[in-house]
Amino acid sequence: MTEINHENASSQVTANEALKWLIEGNRRYVAGQSAPTDLSSSRRSELRTHGQYPFAVVLTCSDSRVPPEHIFNQGLGDLFVVRVAGNVVDDVALGSIEYGVEHLGSPLLLVMGHDYCGAVKATVDGGEAPGSIAAIVERIKPTVDLVKQTGAAGNELYRKVEDQNILAVIRTIQASPIIKHLTEHKQLTIVGGKYHLDSGEVTFIEI
Ligand SMILES: [Zn+2]
């Protein structure tokens with residue numbers, strides 16, 4: 001099996017190619033045929049010497065069952081990952097995303113939610129959110145209120161909030177002047193995705 005190594009990828013890669021690599025990597029993962037990734041000391045040295053050129057920036061949930069490098073079967077230096085419970089953005093997360101796409105030049109940004117998300121469930125269920133957990137809940141709450149107006153309830157409500165939260169987060173990111181500039185100049189493509197815990201599959205969402 002060929003080792004995955006997208007060396008110095010983002011300097012030449014297009015958003016379409018980057019998305020194709022994510023889709024192909026996810027197919028391998030779903031099929032239980034993940035290719036070995038190079039975790040050697042020589043690969044580490046190479047990345048340290050030549051710098052990082054991740055081909056995609058991924059914002060996703062901190063959930064331990066949702067690790068992007070495994071889900072997309074990618075190696076060291078391939079993905080610039082930002083993980084926050086509920087895959088929400090604040091200024092710090094947005095700054096990390098901007099760094100990845102503007103400074104490191106990744107052509108693709110994926111905002112990836114997942115099913116059975118604890119942050120979404122906590123927000124839908126309400127109740128007390130102690131400490132700074134409240135800051136996460138506050139960001140998901142407007143989406144819960146909107147989805148509730150559609151009459152969705154139970155599991156349907158959770159799944160729909162997960163979907164709509166991905167879109168709401170993308171809209172927040174799109175308001176960034178840096179992101180706006182890059183997308184308008186076709187230097188950045190943003191896609192939404194949802195990871196399914198049972199199948200391991202990522203479905204992509206039109207934005
Ligand atoms: Zn989650």
# chains A, B, ... in the order shown; residues from 1 in each chain; ligands from 1
>>> residues_near_ligand(ligand="ligand 1", cutoff="6 Å", atoms="only C-alpha atoms and all ligand atoms", output="count of residues only")
7
>>> residues_around(residues="region 167-169 of chain A", least_positions_apart="4", cutoff="10 Å", atoms="only C-alpha atoms", output="VMD selection string")
chain A and resid 59 86 to 90 111 to 113 139 to 140 142 to 143 161 to 163 173 to 174 191 to 193 205 to 207
>>> select_by_dssp(residues="region 24-170 of chain A", states="strand (DSSP E)", output="ChimeraX atom specification")
/A:56-60,79-83,108-114
>>> write_last_selection(atoms="C-alpha atoms", output="PDB file, in the first residue's frame")
ATOM      1  CA  ALA A  56      -6.652  21.884   3.959  1.00  0.00           C
ATOM      2  CA  VAL A  57      -7.777  23.662   7.096  1.00  0.00           C
ATOM      3  CA  VAL A  58     -10.320  21.681   9.094  1.00  0.00           C
ATOM      4  CA  LEU A  59     -12.518  23.135  11.832  1.00  0.00           C
ATOM      5  CA  THR A  60     -14.217  20.358  13.728  1.00  0.00           C
ATOM      6  CA  LEU A  79      -4.082  19.182   7.692  1.00  0.00           C
ATOM      7  CA  PHE A  80      -4.198  22.398   9.726  1.00  0.00           C
ATOM      8  CA  VAL A  81      -6.750  21.452  12.363  1.00  0.00           C
ATOM      9  CA  VAL A  82      -8.796  23.657  14.684  1.00  0.00           C
ATOM     10  CA  ARG A  83     -10.898  21.734  17.198  1.00  0.00           C
ATOM     11  CA  LEU A 108      -9.620  24.549   1.187  1.00  0.00           C
ATOM     12  CA  LEU A 109     -11.470  25.109   4.456  1.00  0.00           C
ATOM     13  CA  LEU A 110     -13.711  22.346   5.753  1.00  0.00           C
ATOM     14  CA  VAL A 111     -16.129  23.029   8.603  1.00  0.00           C
ATOM     15  CA  MET A 112     -17.075  19.576   9.868  1.00  0.00           C
ATOM     16  CA  GLY A 113     -19.765  18.766  12.395  1.00  0.00           C
ATOM     17  CA  HIS A 114     -20.843  15.261  13.371  1.00  0.00           C
TER      18      HIS A 114
END
>>> residues_around(residues="Asn73 (chain A)", least_positions_apart="6", cutoff="9 Å", atoms="only C-alpha atoms", output="mmCIF file with N, CA and C atoms, in the first residue's frame")
data_model
loop_
_atom_site.group_PDB
_atom_site.id
_atom_site.type_symbol
_atom_site.label_atom_id
_atom_site.label_comp_id
_atom_site.auth_asym_id
_atom_site.auth_seq_id
_atom_site.Cartn_x
_atom_site.Cartn_y
_atom_site.Cartn_z
ATOM 1 N N ILE A 4 0.986 7.701 2.300
ATOM 2 C CA ILE A 4 0.422 9.005 1.977
ATOM 3 C C ILE A 4 1.450 10.082 2.303
ATOM 4 N N LEU A 22 -9.312 14.562 0.429
ATOM 5 C CA LEU A 22 -10.101 14.302 1.644
ATOM 6 C C LEU A 22 -11.120 13.188 1.380
ATOM 7 N N GLU A 24 -11.100 10.838 -0.952
ATOM 8 C CA GLU A 24 -10.432 9.540 -1.167
ATOM 9 C C GLU A 24 -9.910 8.958 0.157
ATOM 10 N N GLY A 25 -9.368 9.838 0.999
ATOM 11 C CA GLY A 25 -8.861 9.381 2.295
ATOM 12 C C GLY A 25 -9.985 8.853 3.165
ATOM 13 N N ASN A 26 -11.129 9.529 3.123
ATOM 14 C CA ASN A 26 -12.276 9.088 3.911
ATOM 15 C C ASN A 26 -12.809 7.748 3.389
ATOM 16 N N ARG A 27 -12.777 7.572 2.074
ATOM 17 C CA ARG A 27 -13.213 6.282 1.497
ATOM 18 C C ARG A 27 -12.335 5.143 1.995
ATOM 19 N N ARG A 28 -11.020 5.388 2.048
ATOM 20 C CA ARG A 28 -10.106 4.352 2.541
ATOM 21 C C ARG A 28 -10.423 4.021 4.004
ATOM 22 N N TYR A 29 -10.649 5.070 4.785
ATOM 23 C CA TYR A 29 -10.943 4.909 6.226
ATOM 24 C C TYR A 29 -12.235 4.126 6.434
ATOM 25 N N SER A 34 -7.188 2.164 5.444
ATOM 26 C CA SER A 34 -6.350 3.353 5.577
ATOM 27 C C SER A 34 -4.909 3.014 5.217
ATOM 28 N N ALA A 35 -4.296 3.883 4.418
ATOM 29 C CA ALA A 35 -2.893 3.689 4.049
ATOM 30 C C ALA A 35 -2.014 4.126 5.213
ATOM 31 N N PRO A 36 -0.837 3.512 5.386
ATOM 32 C CA PRO A 36 0.033 3.952 6.479
ATOM 33 C C PRO A 36 0.512 5.385 6.241
ATOM 34 N N THR A 37 0.586 6.167 7.299
ATOM 35 C CA THR A 37 1.100 7.533 7.165
ATOM 36 C C THR A 37 2.521 7.569 7.724
#
>>> closest_residue(among="A:Leu39, A:Glu102, A:Val30, A:Ser62", to="Lys180 (chain A)", atoms="only C-alpha atoms")
A:Glu102
>>> select_by_dssp(residues="region 33-159 of chain A", states="alpha helix (DSSP H)", output="compact mmCIF listing (two decimals) with C-alpha atoms, in the first residue's frame")
# COMPACT_ATOMS: atom_id res chain seq x y z
CA SER A 41 11.87 10.99 12.36
CA SER A 42 12.99 11.78 8.81
CA ARG A 43 9.50 13.01 7.90
CA ARG A 44 9.47 15.17 11.05
CA SER A 45 12.87 16.65 10.14
CA GLU A 46 11.77 17.28 6.58
CA LEU A 47 8.68 19.19 7.76
CA ARG A 48 10.72 21.13 10.29
CA THR A 49 13.28 22.12 7.68
CA HIS A 50 10.96 22.91 4.78
CA PRO A 68 -9.57 14.43 11.22
CA GLU A 69 -6.17 12.85 10.47
CA HIS A 70 -7.66 9.36 10.90
CA ILE A 71 -11.03 10.14 9.27
CA ASP A 91 -12.04 35.14 17.69
CA VAL A 92 -9.24 32.78 18.64
CA ALA A 93 -10.54 29.90 16.50
CA LEU A 94 -11.19 32.30 13.63
CA GLY A 95 -7.66 33.66 13.95
CA SER A 96 -6.31 30.10 13.69
CA ILE A 97 -8.39 29.51 10.55
CA GLU A 98 -7.21 32.80 9.04
CA GLY A 118 -22.59 16.38 22.85
CA ALA A 119 -22.31 20.15 22.53
CA VAL A 120 -25.41 20.25 20.33
CA LYS A 121 -27.30 17.89 22.64
CA ALA A 122 -26.43 19.96 25.70
CA THR A 123 -27.68 23.10 23.98
CA VAL A 124 -30.90 21.47 22.75
CA ASP A 125 -31.60 19.90 26.15
CA ILE A 133 -19.14 25.73 28.80
CA ALA A 134 -21.85 28.38 28.62
CA ALA A 135 -19.78 30.21 25.99
CA ILE A 136 -20.15 27.20 23.67
CA VAL A 137 -23.86 26.76 24.34
CA GLU A 138 -24.52 30.45 23.68
CA ARG A 139 -23.07 30.10 20.19
CA ILE A 140 -25.27 27.11 19.29
CA LYS A 141 -28.47 28.40 20.95
CA PRO A 142 -29.64 30.73 18.11
CA THR A 143 -29.52 27.75 15.72
CA VAL A 144 -31.54 25.62 18.16
CA ASP A 145 -34.19 28.35 18.38
CA LEU A 146 -34.41 28.56 14.58
CA VAL A 147 -34.65 24.81 14.04
CA LYS A 148 -37.30 24.45 16.77
CA GLY A 154 -36.39 14.39 19.33
CA ASN A 155 -33.61 12.88 17.26
CA GLU A 156 -34.64 14.88 14.21
CA LEU A 157 -34.09 18.07 16.18
CA TYR A 158 -30.57 17.06 17.23
CA ARG A 159 -29.59 16.05 13.68
>>> atom_distance(atom1="CA of Lys20 (chain A)", atom2="CA of Arg171 (chain A)")
23.5 Å
>>> atom_distance(atom1="CA of Ser176 (chain A)", atom2="CA of Leu104 (chain A)")
17.0 Å
